[in-house]
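**Student:** Got a structure for you, coords_24.txt, holding compact mmCIF, N, CA and C atoms.
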# COMPACT_ATOMS: atom_id res chain seq x y z
N MET F 1 -16.49 -32.38 10.71
CA MET F 1 -16.24 -31.71 9.44
C MET F 1 -15.00 -32.36 8.80
N ASN F 2 -15.12 -32.68 7.53
CA ASN F 2 -13.98 -33.31 6.86
C ASN F 2 -12.94 -32.24 6.47
N ALA F 3 -11.77 -32.70 6.08
CA ALA F 3 -10.65 -31.80 5.79
C ALA F 3 -10.97 -30.84 4.65
N LYS F 4 -11.68 -31.33 3.63
CA LYS F 4 -12.01 -30.48 2.48
C LYS F 4 -12.94 -29.34 2.91
N ASN F 5 -13.94 -29.65 3.70
CA ASN F 5 -14.86 -28.61 4.18
C ASN F 5 -14.17 -27.64 5.13
N ALA F 6 -13.29 -28.17 5.98
CA ALA F 6 -12.56 -27.31 6.92
C ALA F 6 -11.68 -26.33 6.16
N ARG F 7 -11.03 -26.81 5.11
CA ARG F 7 -10.17 -25.92 4.30
C ARG F 7 -11.02 -24.85 3.61
N ALA F 8 -12.14 -25.25 3.03
CA ALA F 8 -13.02 -24.29 2.35
C ALA F 8 -13.53 -23.25 3.34
N GLN F 9 -13.88 -23.68 4.53
CA GLN F 9 -14.34 -22.74 5.55
C GLN F 9 -13.21 -21.79 5.97
N ALA F 10 -12.01 -22.31 6.10
CA ALA F 10 -10.87 -21.48 6.47
C ALA F 10 -10.57 -20.45 5.37
N VAL F 11 -10.65 -20.87 4.11
CA VAL F 11 -10.42 -19.93 3.00
C VAL F 11 -11.49 -18.85 3.01
N ASP F 12 -12.74 -19.20 3.26
CA ASP F 12 -13.81 -18.20 3.36
C ASP F 12 -13.54 -17.21 4.48
N THR F 13 -13.07 -17.70 5.61
CA THR F 13 -12.75 -16.84 6.74
C THR F 13 -11.61 -15.89 6.40
N ILE F 14 -10.58 -16.41 5.75
CA ILE F 14 -9.45 -15.57 5.34
C ILE F 14 -9.92 -14.47 4.39
N GLN F 15 -10.73 -14.83 3.42
CA GLN F 15 -11.23 -13.84 2.46
C GLN F 15 -12.04 -12.76 3.19
N ARG F 16 -12.90 -13.16 4.10
CA ARG F 16 -13.73 -12.21 4.83
C ARG F 16 -12.86 -11.28 5.69
N GLU F 17 -11.86 -11.83 6.35
CA GLU F 17 -11.00 -11.04 7.22
C GLU F 17 -10.09 -10.10 6.42
N LEU F 18 -9.61 -10.55 5.27
CA LEU F 18 -8.80 -9.66 4.43
C LEU F 18 -9.65 -8.52 3.86
N THR F 19 -10.90 -8.80 3.56
CA THR F 19 -11.81 -7.75 3.10
C THR F 19 -12.04 -6.73 4.21
N ALA F 20 -12.23 -7.21 5.43
CA ALA F 20 -12.40 -6.30 6.57
C ALA F 20 -11.15 -5.46 6.77
N PHE F 21 -9.98 -6.08 6.61
CA PHE F 21 -8.71 -5.37 6.73
C PHE F 21 -8.63 -4.26 5.68
N SER F 22 -9.01 -4.57 4.44
CA SER F 22 -8.97 -3.58 3.37
C SER F 22 -9.90 -2.41 3.66
N ARG F 23 -11.09 -2.71 4.15
CA ARG F 23 -12.04 -1.63 4.47
C ARG F 23 -11.48 -0.74 5.58
N ARG F 24 -10.89 -1.34 6.57
CA ARG F 24 -10.31 -0.58 7.68
C ARG F 24 -9.17 0.30 7.16
N ALA F 25 -8.34 -0.25 6.29
CA ALA F 25 -7.22 0.52 5.74
C ALA F 25 -7.72 1.71 4.94
N ARG F 26 -8.77 1.52 4.14
CA ARG F 26 -9.32 2.64 3.38
C ARG F 26 -9.87 3.70 4.31
N GLY F 27 -10.52 3.29 5.37
CA GLY F 27 -11.07 4.24 6.34
C GLY F 27 -9.97 5.01 7.06
N ARG F 28 -8.88 4.34 7.38
CA ARG F 28 -7.77 4.99 8.08
C ARG F 28 -7.03 5.97 7.18
N ALA F 29 -7.07 5.77 5.88
CA ALA F 29 -6.35 6.67 4.97
C ALA F 29 -6.81 8.11 5.16
N ALA F 30 -8.11 8.31 5.34
CA ALA F 30 -8.63 9.67 5.54
C ALA F 30 -8.13 10.28 6.84
N GLU F 31 -7.89 9.45 7.85
CA GLU F 31 -7.34 9.95 9.11
C GLU F 31 -5.91 10.45 8.91
N LEU F 32 -5.17 9.80 8.04
CA LEU F 32 -3.78 10.16 7.82
C LEU F 32 -3.65 11.46 7.05
N HIS F 33 -4.52 11.65 6.06
CA HIS F 33 -4.55 12.90 5.31
C HIS F 33 -5.91 12.98 4.63
N PRO F 34 -6.71 14.00 4.96
CA PRO F 34 -8.09 14.04 4.45
C PRO F 34 -8.20 14.15 2.93
N GLU F 35 -7.15 14.59 2.25
CA GLU F 35 -7.22 14.77 0.81
C GLU F 35 -6.68 13.58 0.02
N LEU F 36 -6.13 12.58 0.70
CA LEU F 36 -5.52 11.46 0.00
C LEU F 36 -6.28 10.16 0.23
N SER F 37 -6.46 9.43 -0.86
CA SER F 37 -7.07 8.11 -0.78
C SER F 37 -6.01 7.09 -0.41
N LEU F 38 -6.45 5.88 -0.09
CA LEU F 38 -5.51 4.80 0.18
C LEU F 38 -4.65 4.53 -1.04
N VAL F 39 -5.23 4.64 -2.24
CA VAL F 39 -4.46 4.42 -3.47
C VAL F 39 -3.35 5.47 -3.59
N ALA F 40 -3.68 6.73 -3.29
CA ALA F 40 -2.66 7.78 -3.38
C ALA F 40 -1.54 7.52 -2.38
N TYR F 41 -1.88 7.13 -1.17
CA TYR F 41 -0.85 6.80 -0.19
C TYR F 41 0.00 5.63 -0.65
N SER F 42 -0.65 4.63 -1.22
CA SER F 42 0.08 3.46 -1.70
C SER F 42 1.03 3.84 -2.82
N ILE F 43 0.59 4.73 -3.70
CA ILE F 43 1.45 5.20 -4.79
C ILE F 43 2.65 5.94 -4.23
N LEU F 44 2.40 6.85 -3.30
CA LEU F 44 3.50 7.61 -2.70
C LEU F 44 4.49 6.66 -2.02
N ASP F 45 3.98 5.67 -1.30
CA ASP F 45 4.85 4.69 -0.63
C ASP F 45 5.71 3.93 -1.63
N LEU F 46 5.10 3.48 -2.74
CA LEU F 46 5.86 2.70 -3.71
C LEU F 46 6.91 3.56 -4.42
N VAL F 47 6.56 4.79 -4.75
CA VAL F 47 7.53 5.69 -5.38
C VAL F 47 8.71 5.89 -4.43
N ARG F 48 8.44 6.07 -3.15
CA ARG F 48 9.52 6.23 -2.16
C ARG F 48 10.35 4.95 -2.06
N GLU F 49 9.66 3.82 -1.96
CA GLU F 49 10.35 2.53 -1.81
C GLU F 49 11.31 2.27 -2.96
N ARG F 50 10.89 2.61 -4.17
CA ARG F 50 11.71 2.35 -5.36
C ARG F 50 12.67 3.49 -5.68
N GLY F 51 12.58 4.58 -4.96
CA GLY F 51 13.45 5.72 -5.26
C GLY F 51 13.06 6.42 -6.54
N GLY F 52 11.84 6.21 -6.98
CA GLY F 52 11.32 6.78 -8.22
C GLY F 52 10.87 5.68 -9.16
N CYS F 53 9.84 5.98 -9.93
CA CYS F 53 9.37 5.00 -10.91
C CYS F 53 8.46 5.68 -11.93
N LEU F 54 8.13 4.94 -12.97
CA LEU F 54 7.24 5.43 -14.02
C LEU F 54 5.80 5.18 -13.63
N ALA F 55 4.90 5.97 -14.17
CA ALA F 55 3.47 5.79 -13.92
C ALA F 55 3.01 4.41 -14.41
N THR F 56 3.59 3.93 -15.49
CA THR F 56 3.21 2.59 -15.99
C THR F 56 3.60 1.51 -15.00
N ASP F 57 4.71 1.71 -14.27
CA ASP F 57 5.10 0.76 -13.22
C ASP F 57 4.04 0.72 -12.12
N LEU F 58 3.51 1.89 -11.78
CA LEU F 58 2.48 1.97 -10.74
C LEU F 58 1.21 1.24 -11.18
N ALA F 59 0.80 1.48 -12.42
CA ALA F 59 -0.40 0.83 -12.94
C ALA F 59 -0.23 -0.68 -12.91
N GLU F 60 0.92 -1.15 -13.30
CA GLU F 60 1.19 -2.59 -13.31
C GLU F 60 1.21 -3.16 -11.89
N GLN F 61 1.88 -2.48 -10.98
CA GLN F 61 2.01 -2.95 -9.60
C GLN F 61 0.65 -3.06 -8.91
N PHE F 62 -0.20 -2.05 -9.10
CA PHE F 62 -1.47 -2.00 -8.41
C PHE F 62 -2.66 -2.51 -9.23
N LEU F 63 -2.36 -2.98 -10.45
CA LEU F 63 -3.41 -3.48 -11.34
C LEU F 63 -4.50 -2.43 -11.56
N LEU F 64 -4.05 -1.22 -11.87
CA LEU F 64 -4.96 -0.10 -12.12
C LEU F 64 -4.81 0.37 -13.56
N ASP F 65 -5.87 0.99 -14.07
CA ASP F 65 -5.74 1.54 -15.41
C ASP F 65 -4.97 2.85 -15.34
N LYS F 66 -4.43 3.24 -16.47
CA LYS F 66 -3.55 4.42 -16.52
C LYS F 66 -4.27 5.69 -16.10
N SER F 67 -5.57 5.80 -16.39
CA SER F 67 -6.29 7.03 -16.03
C SER F 67 -6.42 7.16 -14.51
N THR F 68 -6.61 6.05 -13.83
CA THR F 68 -6.69 6.08 -12.36
C THR F 68 -5.36 6.52 -11.78
N VAL F 69 -4.28 5.93 -12.28
CA VAL F 69 -2.95 6.30 -11.80
C VAL F 69 -2.69 7.78 -12.10
N SER F 70 -3.06 8.22 -13.28
CA SER F 70 -2.84 9.60 -13.67
C SER F 70 -3.56 10.57 -12.71
N ARG F 71 -4.80 10.26 -12.36
CA ARG F 71 -5.55 11.11 -11.42
C ARG F 71 -4.88 11.15 -10.05
N GLN F 72 -4.46 9.99 -9.57
CA GLN F 72 -3.84 9.92 -8.25
C GLN F 72 -2.48 10.64 -8.24
N VAL F 73 -1.70 10.43 -9.29
CA VAL F 73 -0.41 11.11 -9.40
C VAL F 73 -0.63 12.62 -9.49
N GLY F 74 -1.64 13.03 -10.25
CA GLY F 74 -1.95 14.45 -10.37
C GLY F 74 -2.30 15.07 -9.02
N ALA F 75 -3.07 14.34 -8.23
CA ALA F 75 -3.43 14.83 -6.89
C ALA F 75 -2.20 14.96 -6.01
N LEU F 76 -1.31 13.97 -6.10
CA LEU F 76 -0.07 14.02 -5.31
C LEU F 76 0.85 15.16 -5.75
N GLU F 77 0.88 15.41 -7.06
CA GLU F 77 1.69 16.53 -7.58
C GLU F 77 1.10 17.86 -7.12
N LYS F 78 -0.22 17.98 -7.19
CA LYS F 78 -0.89 19.23 -6.81
C LYS F 78 -0.61 19.57 -5.34
N LEU F 79 -0.53 18.54 -4.50
CA LEU F 79 -0.24 18.75 -3.09
C LEU F 79 1.25 18.97 -2.82
N GLY F 80 2.07 18.78 -3.87
CA GLY F 80 3.50 18.97 -3.72
C GLY F 80 4.24 17.77 -3.17
N TYR F 81 3.63 16.58 -3.27
CA TYR F 81 4.24 15.36 -2.71
C TYR F 81 5.02 14.56 -3.74
N LEU F 82 4.72 14.75 -5.01
CA LEU F 82 5.44 14.08 -6.09
C LEU F 82 5.88 15.10 -7.11
N GLU F 83 6.98 14.77 -7.79
CA GLU F 83 7.43 15.60 -8.91
C GLU F 83 7.86 14.66 -10.03
N ARG F 84 7.89 15.20 -11.23
CA ARG F 84 8.30 14.42 -12.41
C ARG F 84 9.66 14.93 -12.89
N GLU F 85 10.46 14.00 -13.36
CA GLU F 85 11.69 14.39 -14.04
C GLU F 85 11.81 13.55 -15.30
N VAL F 86 12.43 14.12 -16.31
CA VAL F 86 12.58 13.43 -17.58
C VAL F 86 13.50 12.22 -17.37
N ASP F 87 13.07 11.09 -17.90
CA ASP F 87 13.86 9.85 -17.83
C ASP F 87 15.02 9.98 -18.80
N PRO F 88 16.26 9.96 -18.30
CA PRO F 88 17.40 10.10 -19.22
C PRO F 88 17.53 8.94 -20.21
N GLY F 89 16.96 7.79 -19.86
CA GLY F 89 17.01 6.63 -20.75
C GLY F 89 15.99 6.69 -21.88
N ASN F 90 14.91 7.44 -21.68
CA ASN F 90 13.88 7.60 -22.69
C ASN F 90 13.18 8.93 -22.41
N ARG F 91 13.57 9.94 -23.11
CA ARG F 91 13.12 11.30 -22.82
C ARG F 91 11.61 11.50 -22.96
N ARG F 92 10.90 10.51 -23.50
CA ARG F 92 9.44 10.61 -23.58
C ARG F 92 8.77 10.24 -22.26
N ASN F 93 9.51 9.56 -21.40
CA ASN F 93 8.98 9.12 -20.11
C ASN F 93 9.38 10.09 -19.00
N HIS F 94 8.59 10.05 -17.94
CA HIS F 94 8.89 10.85 -16.76
C HIS F 94 8.99 9.93 -15.54
N ILE F 95 10.04 10.12 -14.78
CA ILE F 95 10.22 9.38 -13.53
C ILE F 95 9.55 10.19 -12.42
N LEU F 96 8.71 9.51 -11.66
CA LEU F 96 8.05 10.14 -10.53
C LEU F 96 8.92 9.97 -9.29
N ARG F 97 9.10 11.06 -8.56
CA ARG F 97 9.89 11.01 -7.33
C ARG F 97 9.15 11.77 -6.23
N ALA F 98 9.30 11.31 -5.01
CA ALA F 98 8.72 12.00 -3.87
C ALA F 98 9.52 13.28 -3.61
N THR F 99 8.81 14.35 -3.30
CA THR F 99 9.46 15.60 -2.91
C THR F 99 9.81 15.49 -1.42
N ALA F 100 10.54 16.47 -0.92
CA ALA F 100 10.86 16.50 0.51
C ALA F 100 9.58 16.53 1.34
N GLU F 101 8.60 17.30 0.89
CA GLU F 101 7.32 17.36 1.60
C GLU F 101 6.59 16.02 1.53
N GLY F 102 6.65 15.37 0.36
CA GLY F 102 6.04 14.05 0.22
C GLY F 102 6.70 13.03 1.13
N GLU F 103 8.02 13.10 1.23
CA GLU F 103 8.75 12.21 2.15
C GLU F 103 8.30 12.43 3.59
N ALA F 104 8.17 13.69 3.98
CA ALA F 104 7.78 14.01 5.36
C ALA F 104 6.37 13.52 5.66
N VAL F 105 5.44 13.76 4.75
CA VAL F 105 4.06 13.31 4.94
C VAL F 105 4.00 11.78 5.00
N ALA F 106 4.74 11.14 4.13
CA ALA F 106 4.74 9.67 4.10
C ALA F 106 5.35 9.09 5.37
N ARG F 107 6.41 9.70 5.86
CA ARG F 107 7.03 9.21 7.12
C ARG F 107 6.06 9.36 8.28
N LYS F 108 5.35 10.47 8.32
CA LYS F 108 4.37 10.70 9.39
C LYS F 108 3.24 9.67 9.32
N ALA F 109 2.74 9.43 8.11
CA ALA F 109 1.68 8.43 7.93
C ALA F 109 2.19 7.03 8.30
N GLU F 110 3.41 6.74 7.91
CA GLU F 110 4.02 5.44 8.23
C GLU F 110 4.11 5.25 9.74
N SER F 111 4.48 6.30 10.44
CA SER F 111 4.57 6.24 11.89
C SER F 111 3.20 5.98 12.52
N ARG F 112 2.18 6.65 12.02
CA ARG F 112 0.81 6.44 12.53
C ARG F 112 0.34 5.02 12.25
N ARG F 113 0.64 4.51 11.06
CA ARG F 113 0.25 3.13 10.73
C ARG F 113 0.96 2.15 11.65
N ARG F 114 2.24 2.38 11.87
CA ARG F 114 3.02 1.50 12.75
C ARG F 114 2.42 1.49 14.16
N GLU F 115 2.06 2.67 14.66
CA GLU F 115 1.44 2.75 15.99
C GLU F 115 0.13 1.97 16.04
N ALA F 116 -0.66 2.08 14.99
CA ALA F 116 -1.93 1.36 14.94
C ALA F 116 -1.70 -0.15 14.94
N PHE F 117 -0.72 -0.60 14.16
CA PHE F 117 -0.41 -2.04 14.14
C PHE F 117 0.14 -2.50 15.48
N GLN F 118 1.03 -1.72 16.07
CA GLN F 118 1.59 -2.08 17.37
C GLN F 118 0.48 -2.24 18.40
N SER F 119 -0.49 -1.35 18.34
CA SER F 119 -1.62 -1.42 19.27
C SER F 119 -2.43 -2.69 19.06
N ARG F 120 -2.70 -3.02 17.81
CA ARG F 120 -3.49 -4.22 17.52
C ARG F 120 -2.74 -5.50 17.91
N PHE F 121 -1.43 -5.47 17.86
CA PHE F 121 -0.64 -6.66 18.18
C PHE F 121 -0.16 -6.66 19.64
N ALA F 122 -0.65 -5.75 20.44
CA ALA F 122 -0.16 -5.61 21.82
C ALA F 122 -0.24 -6.91 22.62
N ASP F 123 -1.29 -7.69 22.42
CA ASP F 123 -1.43 -8.92 23.21
C ASP F 123 -1.02 -10.18 22.43
N TRP F 124 -0.35 -9.99 21.30
CA TRP F 124 0.17 -11.11 20.53
C TRP F 124 1.59 -11.41 20.99
N THR F 125 1.98 -12.67 20.91
CA THR F 125 3.37 -13.01 21.20
C THR F 125 4.25 -12.61 20.02
N ASP F 126 5.54 -12.49 20.28
CA ASP F 126 6.48 -12.19 19.20
C ASP F 126 6.42 -13.27 18.13
N ASP F 127 6.27 -14.53 18.55
CA ASP F 127 6.19 -15.64 17.59
C ASP F 127 4.94 -15.53 16.72
N ASP F 128 3.81 -15.12 17.31
CA ASP F 128 2.58 -14.95 16.54
C ASP F 128 2.74 -13.85 15.49
N VAL F 129 3.34 -12.73 15.88
CA VAL F 129 3.55 -11.62 14.94
C VAL F 129 4.48 -12.06 13.82
N ALA F 130 5.56 -12.76 14.18
CA ALA F 130 6.50 -13.24 13.16
C ALA F 130 5.84 -14.24 12.22
N ALA F 131 4.99 -15.12 12.76
CA ALA F 131 4.29 -16.11 11.92
C ALA F 131 3.36 -15.40 10.94
N LEU F 132 2.60 -14.41 11.42
CA LEU F 132 1.71 -13.67 10.52
C LEU F 132 2.52 -12.98 9.42
N ALA F 133 3.63 -12.37 9.79
CA ALA F 133 4.48 -11.71 8.80
C ALA F 133 4.93 -12.71 7.74
N ASP F 134 5.37 -13.88 8.17
CA ASP F 134 5.81 -14.91 7.23
C ASP F 134 4.67 -15.37 6.33
N TYR F 135 3.49 -15.57 6.91
CA TYR F 135 2.34 -16.01 6.12
C TYR F 135 1.93 -14.96 5.09
N LEU F 136 1.96 -13.68 5.48
CA LEU F 136 1.59 -12.63 4.54
C LEU F 136 2.59 -12.53 3.39
N ILE F 137 3.86 -12.67 3.69
CA ILE F 137 4.88 -12.68 2.63
C ILE F 137 4.62 -13.84 1.69
N ARG F 138 4.40 -15.00 2.25
CA ARG F 138 4.13 -16.20 1.43
C ARG F 138 2.89 -16.01 0.57
N TYR F 139 1.83 -15.46 1.15
CA TYR F 139 0.59 -15.23 0.42
C TYR F 139 0.82 -14.24 -0.73
N ASN F 140 1.52 -13.15 -0.46
CA ASN F 140 1.72 -12.11 -1.47
C ASN F 140 2.70 -12.54 -2.57
N LEU F 141 3.54 -13.52 -2.30
CA LEU F 141 4.45 -14.04 -3.33
C LEU F 141 3.77 -15.05 -4.24
N ALA F 142 2.65 -15.61 -3.80
CA ALA F 142 1.95 -16.64 -4.60
C ALA F 142 1.40 -16.01 -5.87
N GLN F 143 1.48 -16.76 -6.94
CA GLN F 143 0.96 -16.28 -8.23
C GLN F 143 -0.43 -16.71 -8.40
With the file now loaded, output its structure as structure tokens.
**Tutor:**
Amino acid sequence: MNAKNARAQAVDTIQRELTAFSRRARGRAAELHPELSLVAYSILDLVRERGGCLATDLAEQFLLDKSTVSRQVGALEKLGYLEREVDPGNRRNHILRATAEGEAVARKAESRRREAFQSRFADWTDDDVAALADYLIRYNLAQ
């Protein structure tokens, strides 16, 4: 097999494996909380990571339309995991922040995800895990 074909085959394999990873992640979201989708968990995580953000920031980050973000934020608010506060810089906007309950649920989910990853990497070397981490960072930074 020539280098061009080998690269194309490797890219196909990467795409297939990342798709399988995404499907597994969506399936695991229901295990973490039966009422929350993977998108809702991702939104809660990003709001926590940033210490608060606007709904438009979420739509931009996740490449979602505003109505999808609105539904997910509404579900998180209804469960008591997110709250809105008026943006002092622009009173027409609302900053979304995780509530204490949202923080607790997110920490618990994060712990479960970490355990699942630790289990999957149990027979990997530290160098292999570090290399994958570096590759994923590089991949996600690419435009």
**Student:** When you count only C-alpha atoms, which of these residues is closest to Gly89 in chain F: F:Leu54, F:Arg114, F:Lys4, F:Val11?
**Tutor:**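 Nearest to Gly89 in chain F: F:Leu54.
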**Student:** Taking the DSSP secondary structure from the backbone, can you list the residues of chain F that are strand (DSSP E or B), as a list in words?
**Tutor:**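 Across chain F, those assigned strand (DSSP E or B) are Cys53, Leu82, Glu83, Arg84, Glu85, Val86, His94, Ile95, Leu96, Arg97 and Ala98 of chain F.
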**Student:** Given all atoms listed in the file as the basis, pick out the residue of F:Arg112, F:Arg28, F:Phe117, F:Leu96 nearest to Gly51 in chain F.
**Tutor:**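 Closest to Gly51 in chain F of all the choices is F:Leu96.
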**Student:** I'd like to know which residues of range 38-120 of chain F are helix (DSSP H, G or I) (by DSSP, run on the backbone); could you write them as an MDAnalysis selection string?
**Tutor:** chainID F and resid 38:50 55:62 66:78 100:120
**Student:** Taking only C-alpha atoms into account, name the residue in F:Pro34, F:Pro88, F:Gly80, F:Gly74 that is nearest to Glu101 in chain F.
**Tutor:**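 Among the listed residues, F:Gly80 lies closest to Glu101 in chain F.
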**Student:** Have a look at CA of Asp45 in chain F and CA of His94 in chain F and let me know their distance in Å, one decimal.
**Tutor:**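 Distance between the two atoms: 17.7 Å.
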**Student:** Name the closest residue to Arg50 in chain F among the candidates F:Ala130, F:Leu79, F:Glu17, F:Ala98; distances are taken between atoms, counting only C-alpha atoms.
**Tutor:**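 Looking only at the distances to Arg50 in chain F, the closest residue turns out to be F:Ala98.
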**Student:** For each of F:Ala10, F:Thr56, F:Gly102, F:Arg92, take the minimum atom-to-atom distance to Leu44 in chain F, counting all atoms listed in the file, then give the residue where this is smallest.
**Tutor:**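 Counting all atoms listed in the file, the residue closest to Leu44 in chain F is F:Gly102.
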**Student:** Name the closest residue to Val86 in chain F among the candidates F:Gly52, F:Asp65, F:Val39, F:Asn5; distances are taken between atoms, counting only C-alpha atoms.
**Tutor:**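 For Val86 in chain F, the nearest of the given residues is F:Gly52.
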**Student:** Could you tell me how far atom C of Ile43 in chain F sits from atom N of Glu83 in chain F, in Å to one decimal place?
**Tutor:** 10.5 Å
**Student:** Figure out the distance between atom N of Cys53 in chain F and atom N of Ile95 in chain F, please, to one decimal in Å.
**Tutor:**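 Separation of atom N of Ile95 in chain F and atom N of Cys53 in chain F: 6.4 Å.
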